[in-house]
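Working notes, structure below.
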Amino acid sequence: MADKDKPWLFRTYAGHSTAEKSNALYRSNLAKGQTGLSVAFDLPTQTGYDSDHILARGEVGKVGVPVCHLGDMRALFDQIPLEQMNTSMTINATAPWLLSLYIAVAEEQGADIAALQGTVQNDLIKEYLSRGTYICPPKPSLAMITDVAAYTREYLPKWNPMNVCSYHLQEAGATPQQELAYALGTAIAVLDDLKTKVPEADFPAMVGRISFFVNAGIRFVTEMCKMRAFTELWNEITAERYGIEDPKFRRFRYGVQVNSLGLTEQQPENNVYRILLEMLAVTLSKNARARAVQLPAWNEALGLPRPWDQQWSLRMQQIVAYETDLLEYGDLFDGNPAVAAKVEELKQGARDELKLLDDMGGAIAAIDYMKSRLVESNAERLNRIESNETVVVGVNRWEQGEPSPLTAADGGIMVVDPAVEQDQIERLRAWKGARDEGAVEAALAALRDAAQSGANVMPASIQAAKAGVTTGEWAGVMRRIHGEYRGPTGVSANPSNRTEGLDDIREAVDAVSARLGRRLKFVVGKPGLDGHSNGAEQIAFRARDCGMDITYEGIRLTPEQIVARAQEEQAHVVGLSILSGSHLPLIEDLMARMREAGLTDIPVIVGGIIPDEDATRLLAMGVARVYTPKDFQLNTIMMDIVTLAEPGAAAA
C-alpha cells in the first residue's frame with residue numbers, strides 16, 4: 001500500500017458566550033477528533049473594549065468568546081495542555097495582548113514557552129480594508145505586528161507571529177488577482193519593517209514563519225489555481241526581493257476557512273455541498289495543500305452554529321482525509337496545460353497589481369486605493385448575481401424547494417443567552433475588585449513607557465497580563481499613545497458609471513425629491529462593533545448611483561451618534577446594518593433615541609442576519625423594513641427607500 005501523507009490540521013473556528021462554555025466546546029471538539037484549536041473572540045475583545053464598555057452593549061459573547069483578563073484566559077484553556085496544542089487565535093488589533101495572556105496561562109500550567117505552537121492572525125491591513133476591528137492608525141499598528149514577530153523569534157520559535165489574511169478580502173469582493181496582490185503586498189510591508197527589528201542572520205527563518213490564511217470560494221478550479229499561484233509567487237518574492245536561499249523558508253504555508261460569504265439563507269442544506277467543493281480547492285493539489293483547514297457550518301447564514309453543526313463539518317474533513325485515497329498520491333495537476341495557463345494568468349494579474357502598490361509606496365500607503373477597488377469589485381459581483389449572470393442555486397434559480405427539516409425544531413441555530421453579558425460584567429467587576437491595584441498601575445505605566453518610546457510592547461504586555469490588567473485597559477494605553485483611526489469606506493460621494501438598469505429608479509428618486517423639496521437624503525449607519533461593512537457599503541454605493549444624497553461614515557457608531565447624524569442631515573430614511581447578532585438591543589436603543597429626538601416620522605430600515613422571530617420584534621419596535629441575505633436584489637431595496645421617503649408615506 002502506498003505511503004500516505006499526513007493530513008492537514010482539523011480545526012473548527014469556535015467560541016461563544018463565556019470562557020467556561022467555550023472551554024467545554026473545545027474539549028468536546030478535541031474528543032471528536034479535532035487536532036487544532038481555532039479561537040473566535042467576541043467583538044469587544046477584538047476591538048479592545050472590556051465587556052462593560054458602552055460600545056460592548058449587545059455584543060458580549062455573540063460572535064466569539066469574551067476575554068477581558070487573565071482569569072478569562074485561564075478558564076478558556078482549563079484542562080487543555082497548551083504545550084501539546086496547536087492554537088490559532090483570530091485576533092488582530094489586540095494580538096499582542098491576547099498572545100501575552102496565552103503565554104501567561106501557559107506559564108501557569110508549567111509549559112515550556114519555547115514549545116508553544118500556534119498562530120496569531122495579527123494582520124491589521126485587511127482590517128482597514130474589509131473586517132474593521134482595527135484600533136490605531138496603520139504605522140503604529142504595523143509596529144505592533146512586527147513587535148510580536150520579533151518577540152516570538154527570541155522566545156517562541158515554533159509560533160507563527162502573523163497570519164496574512166486574504167480571507168476577508170475575498171468576502172469584500174476581491175477578484176483572485178486582487179486577493180493575491182493585496183495579501184502578498186501586506187506580507188511585503190510586514191517583512192520590510194521586520195528587517196529592522198531582527199538580526200540579519202535570523203531574518204530568513206522569520207520569513208519562513210510568516211503564514212497565510214486564505215478563502216476558498218465555490219469556483220474551485222480557479223481557487224485551486226489561485227493557491228498554486230500563491231505558492232509560486234511567494235517563492236518568487238522571498239527569493240528575489242529578500243534573497244532567501246533555503247527553500248524551506250520560501251514555502252507558502254497557509255490555513256484556510258472556506259467561503260462563508262457564499263453560504264445561502266435560502267435552501268441552507270445546499271451549503272453542505274458548497275463547503276465540500278470549496279474544501280477540495282485547498283486539499284486536492286498536494287503542492288499547494290493547506291496546512292490547516294477549518295470549515296464553516298451549513299447554517300452560518302442563519303446564525304450561530306450548534307455543536308452538532310460543527311461536528312458535521314469536522315466529519316467532512318475526516319472523511320476526505322481518511323476514507324478517500326487523496327493523501328496517497330503526488331500532485332494531481334502537475335503538467336496540466338489548462339491549470340498551468342490559469343495559474344500564469346493569475347500570477348501576471350497579481351504582479352501587475354503589486355507593481356501598482358509598490359509605485360504608490362506599498363500596502364500601507366495604498367489602503368484607500370485598495371478599499372475603493374474592493375467596493376467596486378463587490379458591486380460588480382452583486383450585479384452579476386442580480387442579473388442572473390452568476391447562478392446561485394436556490395437564490396436566483398430553482399428558488400422553489402421543500403422546507404428544510406434541519407431548521408424545523410429550534411430554528412437550526414444556537415442562540416446566546418442574553419444573561420451572559422451581565423454575568424460576564426459581574427465577573428469583570430469581581431476581577432477588578434480582587435486584584436492588586438498597585439501592581440496594575442505599575443504595569444500600565446511600564447506599558448505606556450514602552451509604547452511611547454518605541455520599545456517592543458510584548459514584555460510589558462506580558463507583565464500587564466500577569467498583574468491583572470484588562471483588555472480595555474491595555475487597548476486604552478494604545479489609544480492614548482497612538483490615537484484612534486477611522487478607515488476609508490470605499491464609497492465616494494460621486495456616482496460611478498454603473499447606472500445601467502437604474503433609469504426607472506433614478507426617475508423615481510428625482511420625482512420624490514421634487515416633492516420633498518430637496519434631494520432624497522439617505523443616512524446609512526452601522527451601530528455597535530460589527531465591522532462587516534460589505535452590505536452597508538453596497539447599499540450606500542447603489543443608493544448613490546440611484547441619485548440619492550447619501551451619508552455613510554463607516555463602522556463602529558453608537559446609536560446616539562447615528563440619531564444625531566440623522567437629525568443634522570434631515571434624513572428622509574435611515575438604514576442600519578448589523579451582522580453580529582446584536583440587532584435587538586442596539587436597534588431598541590436607537591428607536592428609543594429616535595422617539596426622544598422627535599424623529600418618529602423618519603422610517604428606519606434594517607439589514608443583517610436576522611431570524612424571522614427577531615424580525616417580527618424589530619417591526620414591533622417601529623422598524624419599517626427588515627432585510628436579510630435572501631434579499632439580494634438591491635434595486636428592490638432602492639425602490640422601497642423611495643416609497644418610504646414619499647411625503648406622507650407611512651413608515652410601516
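Identifiers in this document derive from the order of the C-alpha cells: chains are assigned A, B, ..., residues are numbered from 1 separately in each chain, and ligands are numbered from 1 in order of occurrence.
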Wanna dump the stretch 507-543 of chain A-stretch 609-627 of chain A contacts at 12 Å for me, each residue with its shortest atom pair and the distance in Å to one decimal, counting only C-alpha atoms, ordered by chain and number, as a Markdown table?
| residue | atom | partner | partner_atom | distance |
| --- | --- | --- | --- | --- |
| A:Asp530 | CA | A:Ile609 | CA | 11.9 |
| A:His532 | CA | A:Ile609 | CA | 11.4 |
| A:Gly535 | CA | A:Tyr627 | CA | 10.8 |
| A:Ala536 | CA | A:Tyr627 | CA | 11.8 |
| A:Ile539 | CA | A:Tyr627 | CA | 11.5 |
Can I get the selection written as a PDB file, in the first residue's frame, with N, CA and C atoms?
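For reference, selection_37.pdb as written:
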ATOM      1  N   ASP A 530     -19.775  45.715  15.053  1.00  0.00           N
ATOM      2  CA  ASP A 530     -19.697  44.874  13.867  1.00  0.00           C
ATOM      3  C   ASP A 530     -18.947  45.600  12.755  1.00  0.00           C
ATOM      4  N   HIS A 532     -18.237  44.094   9.743  1.00  0.00           N
ATOM      5  CA  HIS A 532     -18.563  43.552   8.422  1.00  0.00           C
ATOM      6  C   HIS A 532     -19.369  44.609   7.664  1.00  0.00           C
ATOM      7  N   GLY A 535     -22.132  44.845   3.224  1.00  0.00           N
ATOM      8  CA  GLY A 535     -23.526  45.099   2.892  1.00  0.00           C
ATOM      9  C   GLY A 535     -23.860  46.576   2.945  1.00  0.00           C
ATOM     10  N   ALA A 536     -23.418  47.257   4.005  1.00  0.00           N
ATOM     11  CA  ALA A 536     -23.688  48.688   4.133  1.00  0.00           C
ATOM     12  C   ALA A 536     -23.048  49.457   2.990  1.00  0.00           C
ATOM     13  N   ILE A 539     -25.113  48.933  -0.214  1.00  0.00           N
ATOM     14  CA  ILE A 539     -26.370  49.694  -0.165  1.00  0.00           C
ATOM     15  C   ILE A 539     -26.093  51.173  -0.429  1.00  0.00           C
TER      16      ILE A 539
END
Stretch 62-75 of chain A surroundings by only C-alpha atoms, 6 Å radius, close-in-sequence under 6 positions cut, as a list of chain:residue names
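In the requested form, the answer reads A:Gly15, A:His16, A:Ser17, A:Thr18, A:Ala19, A:Glu20, A:Ala40, A:Phe41, A:Asp42, A:Thr45, A:Asp50, A:Leu101, A:Val105, A:Thr470, A:Thr471.
Using only C-alpha atoms, the nearest neighbour of A:Leu406 within the list A:Gln318, A:Ser461, A:Asn270, A:Asn494 is A:Asn270.
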Option closest in space to A:Ile135, from A:Ala465, A:Tyr485, A:Ala290, A:Glu426 [counting only C-alpha atoms]:
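Smallest separation from A:Ile135 among the options: A:Tyr485.
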Work out how far atom CA of A:Asn215 is from atom CA of A:Leu314, in Å to one decimal.
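Between atom CA of A:Leu314 and atom CA of A:Asn215 the gap is 17.5 Å.
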Name the residues in contact with A:Gln348 at a cut-off of 12 Å, using only C-alpha atoms, excluding same-chain residues fewer than 2 positions from it; report them as a list in words.
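Listed by chain and then number, they are Pro176, Gln177, Gln178, Leu180, Ala181, Lys226, Ala229, Phe230, Glu232, Leu233, Ala341, Lys342, Val343, Glu344, Glu345, Leu346, Ala350, Arg351, Asp352, Glu353, Leu354 and Lys355 of chain A.
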Excluding same-chain residues fewer than 4 positions from A:Val523, what lies within 10 Å of it counting only C-alpha atoms, as number ranges by chain?
A: 540, 548-553, 562-563, 565-566, 569-576, 604
Determine which residues of stretch 234-389 of chain A receive a DSSP assignment of alpha helix (DSSP H), computed from the backbone, and state them as a short mmCIF file (atom, residue, chain, number, x, y, z; two decimals) with C-alpha atoms, in the first residue's frame.
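The resulting file, part12.cif, is shown below:
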data_model
loop_
_atom_site.label_atom_id
_atom_site.label_comp_id
_atom_site.auth_asym_id
_atom_site.auth_seq_id
_atom_site.Cartn_x
_atom_site.Cartn_y
_atom_site.Cartn_z
CA TRP A 234 5.64 33.67 -2.58
CA ASN A 235 8.61 31.56 -3.62
CA GLU A 236 9.44 34.22 -6.23
CA ILE A 237 9.10 37.18 -3.84
CA THR A 238 11.08 35.64 -0.99
CA ALA A 239 13.90 34.62 -3.37
CA GLU A 240 14.11 37.77 -5.49
CA ASN A 271 -24.41 24.79 1.78
CA VAL A 272 -23.06 21.35 2.72
CA TYR A 273 -22.17 20.71 -0.93
CA ARG A 274 -20.66 24.17 -1.29
CA ILE A 275 -18.42 23.64 1.75
CA LEU A 276 -17.19 20.26 0.45
CA LEU A 277 -16.36 21.62 -3.02
CA GLU A 278 -14.57 24.61 -1.51
CA MET A 279 -12.52 22.34 0.74
CA LEU A 280 -11.39 20.34 -2.31
CA ALA A 281 -9.88 23.52 -3.78
CA PRO A 307 -22.13 21.83 18.35
CA TRP A 308 -23.77 19.22 16.08
CA ASP A 309 -23.43 21.53 13.07
CA GLN A 310 -19.72 22.00 13.77
CA GLN A 311 -19.30 18.24 14.21
CA TRP A 312 -20.85 17.68 10.77
CA SER A 313 -18.22 19.95 9.18
CA LEU A 314 -15.44 18.20 11.11
CA ARG A 315 -16.65 14.81 9.89
CA MET A 316 -16.50 16.11 6.31
CA GLN A 317 -12.77 16.77 6.72
CA GLN A 318 -12.16 13.40 8.34
CA PRO A 337 -1.88 22.75 -19.52
CA ALA A 338 -5.23 24.28 -18.54
CA VAL A 339 -4.13 24.58 -14.90
CA ALA A 340 -0.71 25.96 -15.87
CA ALA A 341 -2.29 28.61 -18.11
CA LYS A 342 -4.75 29.72 -15.41
CA VAL A 343 -2.00 29.89 -12.80
CA GLU A 344 0.13 32.08 -15.08
CA GLU A 345 -2.83 34.36 -15.79
CA LEU A 346 -3.46 34.83 -12.07
CA LYS A 347 0.23 35.37 -11.32
CA GLN A 348 0.60 38.04 -14.00
CA GLY A 349 -2.52 39.87 -12.82
CA ALA A 350 -1.19 39.82 -9.27
CA ARG A 351 2.26 41.02 -10.37
CA ASP A 352 0.68 43.97 -12.21
CA GLU A 353 -1.34 44.90 -9.13
CA LEU A 354 1.69 44.50 -6.84
CA LYS A 355 3.70 46.86 -9.04
CA LEU A 356 0.92 49.42 -8.73
CA LEU A 357 1.01 49.09 -4.93
CA ASP A 358 4.80 49.44 -4.98
CA ASP A 359 4.53 52.59 -7.11
CA MET A 360 2.14 54.04 -4.50
CA ILE A 367 -5.04 51.48 1.80
CA ASP A 368 -7.56 53.99 0.39
CA TYR A 369 -6.94 52.76 -3.17
CA MET A 370 -7.33 49.07 -2.23
CA LYS A 371 -10.52 49.76 -0.27
CA SER A 372 -12.17 51.59 -3.18
CA ARG A 373 -11.19 48.80 -5.59
CA LEU A 374 -12.73 46.17 -3.30
CA VAL A 375 -16.02 48.07 -3.06
CA GLU A 376 -16.13 48.37 -6.86
CA SER A 377 -15.32 44.67 -7.35
CA ASN A 378 -18.00 43.68 -4.86
CA ALA A 379 -20.54 45.84 -6.69
CA GLU A 380 -19.67 44.02 -9.92
CA ARG A 381 -20.06 40.64 -8.16
CA LEU A 382 -23.52 41.57 -6.85
CA ASN A 383 -24.56 42.90 -10.26
CA ARG A 384 -23.73 39.52 -11.80
CA ILE A 385 -25.93 37.73 -9.24
CA GLU A 386 -28.80 40.21 -9.66
#
With distances taken over only C-alpha atoms, the candidate from A:Glu441, A:Glu473, A:Asp545, A:Glu500 nearest A:Tyr49 is A:Glu473
Within 7 Å of stretch 636-651 of chain A, counting only C-alpha atoms, which residues qualify if same-chain residues fewer than 4 places away don't, as a VMD selection string?
chain A and resid 505 508 to 509 512 516 543 572 to 573 603 624
For N, CA, C and O atoms, I'd like the residues from the last selection saved as a PDB file, in the first residue's frame.
ATOM      1  N   ILE A 505     -35.386  53.707 -11.422  1.00  0.00           N
ATOM      2  CA  ILE A 505     -35.197  54.101 -10.021  1.00  0.00           C
ATOM      3  C   ILE A 505     -34.709  55.549  -9.945  1.00  0.00           C
ATOM      4  O   ILE A 505     -35.168  56.322  -9.093  1.00  0.00           O
ATOM      5  N   ALA A 508     -37.593  57.758 -10.345  1.00  0.00           N
ATOM      6  CA  ALA A 508     -38.419  57.767  -9.131  1.00  0.00           C
ATOM      7  C   ALA A 508     -37.770  58.609  -8.038  1.00  0.00           C
ATOM      8  O   ALA A 508     -38.455  59.335  -7.305  1.00  0.00           O
ATOM      9  N   VAL A 509     -36.436  58.514  -7.911  1.00  0.00           N
ATOM     10  CA  VAL A 509     -35.718  59.328  -6.921  1.00  0.00           C
ATOM     11  C   VAL A 509     -35.871  60.809  -7.256  1.00  0.00           C
ATOM     12  O   VAL A 509     -36.122  61.646  -6.373  1.00  0.00           O
ATOM     13  N   VAL A 512     -39.572  61.896  -6.362  1.00  0.00           N
ATOM     14  CA  VAL A 512     -39.862  62.050  -4.932  1.00  0.00           C
ATOM     15  C   VAL A 512     -39.043  63.188  -4.343  1.00  0.00           C
ATOM     16  O   VAL A 512     -39.503  63.908  -3.433  1.00  0.00           O
ATOM     17  N   LEU A 516     -40.335  66.333  -2.215  1.00  0.00           N
ATOM     18  CA  LEU A 516     -39.770  66.622  -0.888  1.00  0.00           C
ATOM     19  C   LEU A 516     -39.198  68.037  -0.814  1.00  0.00           C
ATOM     20  O   LEU A 516     -38.970  68.562   0.278  1.00  0.00           O
ATOM     21  N   ALA A 543     -27.366  53.227  -3.672  1.00  0.00           N
ATOM     22  CA  ALA A 543     -28.240  54.384  -3.422  1.00  0.00           C
ATOM     23  C   ALA A 543     -27.658  55.647  -4.052  1.00  0.00           C
ATOM     24  O   ALA A 543     -28.381  56.460  -4.640  1.00  0.00           O
ATOM     25  N   HIS A 572     -34.320  61.546   5.277  1.00  0.00           N
ATOM     26  CA  HIS A 572     -35.653  61.076   4.917  1.00  0.00           C
ATOM     27  C   HIS A 572     -35.825  59.597   5.264  1.00  0.00           C
ATOM     28  O   HIS A 572     -36.941  59.148   5.552  1.00  0.00           O
ATOM     29  N   VAL A 573     -34.730  58.834   5.202  1.00  0.00           N
ATOM     30  CA  VAL A 573     -34.733  57.416   5.571  1.00  0.00           C
ATOM     31  C   VAL A 573     -33.400  57.107   6.242  1.00  0.00           C
ATOM     32  O   VAL A 573     -32.362  57.625   5.819  1.00  0.00           O
ATOM     33  N   PRO A 603     -38.497  56.965   8.536  1.00  0.00           N
ATOM     34  CA  PRO A 603     -38.501  55.496   8.508  1.00  0.00           C
ATOM     35  C   PRO A 603     -37.093  54.939   8.734  1.00  0.00           C
ATOM     36  O   PRO A 603     -36.103  55.489   8.247  1.00  0.00           O
ATOM     37  N   ALA A 624     -39.329  49.965   9.820  1.00  0.00           N
ATOM     38  CA  ALA A 624     -40.202  49.938   8.650  1.00  0.00           C
ATOM     39  C   ALA A 624     -40.000  48.711   7.772  1.00  0.00           C
ATOM     40  O   ALA A 624     -40.959  48.161   7.224  1.00  0.00           O
TER      41      ALA A 624
END
Near-A:Leu579 list (12 Å; only C-alpha atoms; drop same-chain fewer than 3 positions) as a PyMOL selection string
chain A and resi 43+59+62-63+131+261+300-304+526-536+555+576+582-584+586+606-611+627-629
Any idea what the distance is between atom CA of A:Thr119 and atom CA of A:Thr87?
6.4 Å
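Distances to A:Leu124 were evaluated for A:Cys165, A:Ala442, A:Leu82, A:Leu25 using only C-alpha atoms, and the minimum falls at A:Cys165.
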Any idea what the distance is between atom CA of A:Thr12 and atom CA of A:Val320?
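Distance reported for this atom pair: 15.8 Å.
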Nearest to A:Glu537 among A:Ala288, A:Leu129, A:Glu560, A:Ala455, with distances taken over only C-alpha atoms: which residue is it?
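The answer is A:Leu129, which sits nearest to A:Glu537.
The shell of residues at most 8 Å from stretch 136-150 of chain A, with only C-alpha atoms counted and near chain neighbours (fewer than 3 positions) removed, consists of Ala93, Pro96, Asn122, Asp123, Leu124, Ile125, Arg153, Glu154, Asn160, Pro161, Met162, Val190, Asp193, Leu194, Lys197, Val198, Met206, Ile364, Asn456, Val457, Met458, Met478, Arg479, His482, Gly483, Glu484 and Tyr485 of chain A.
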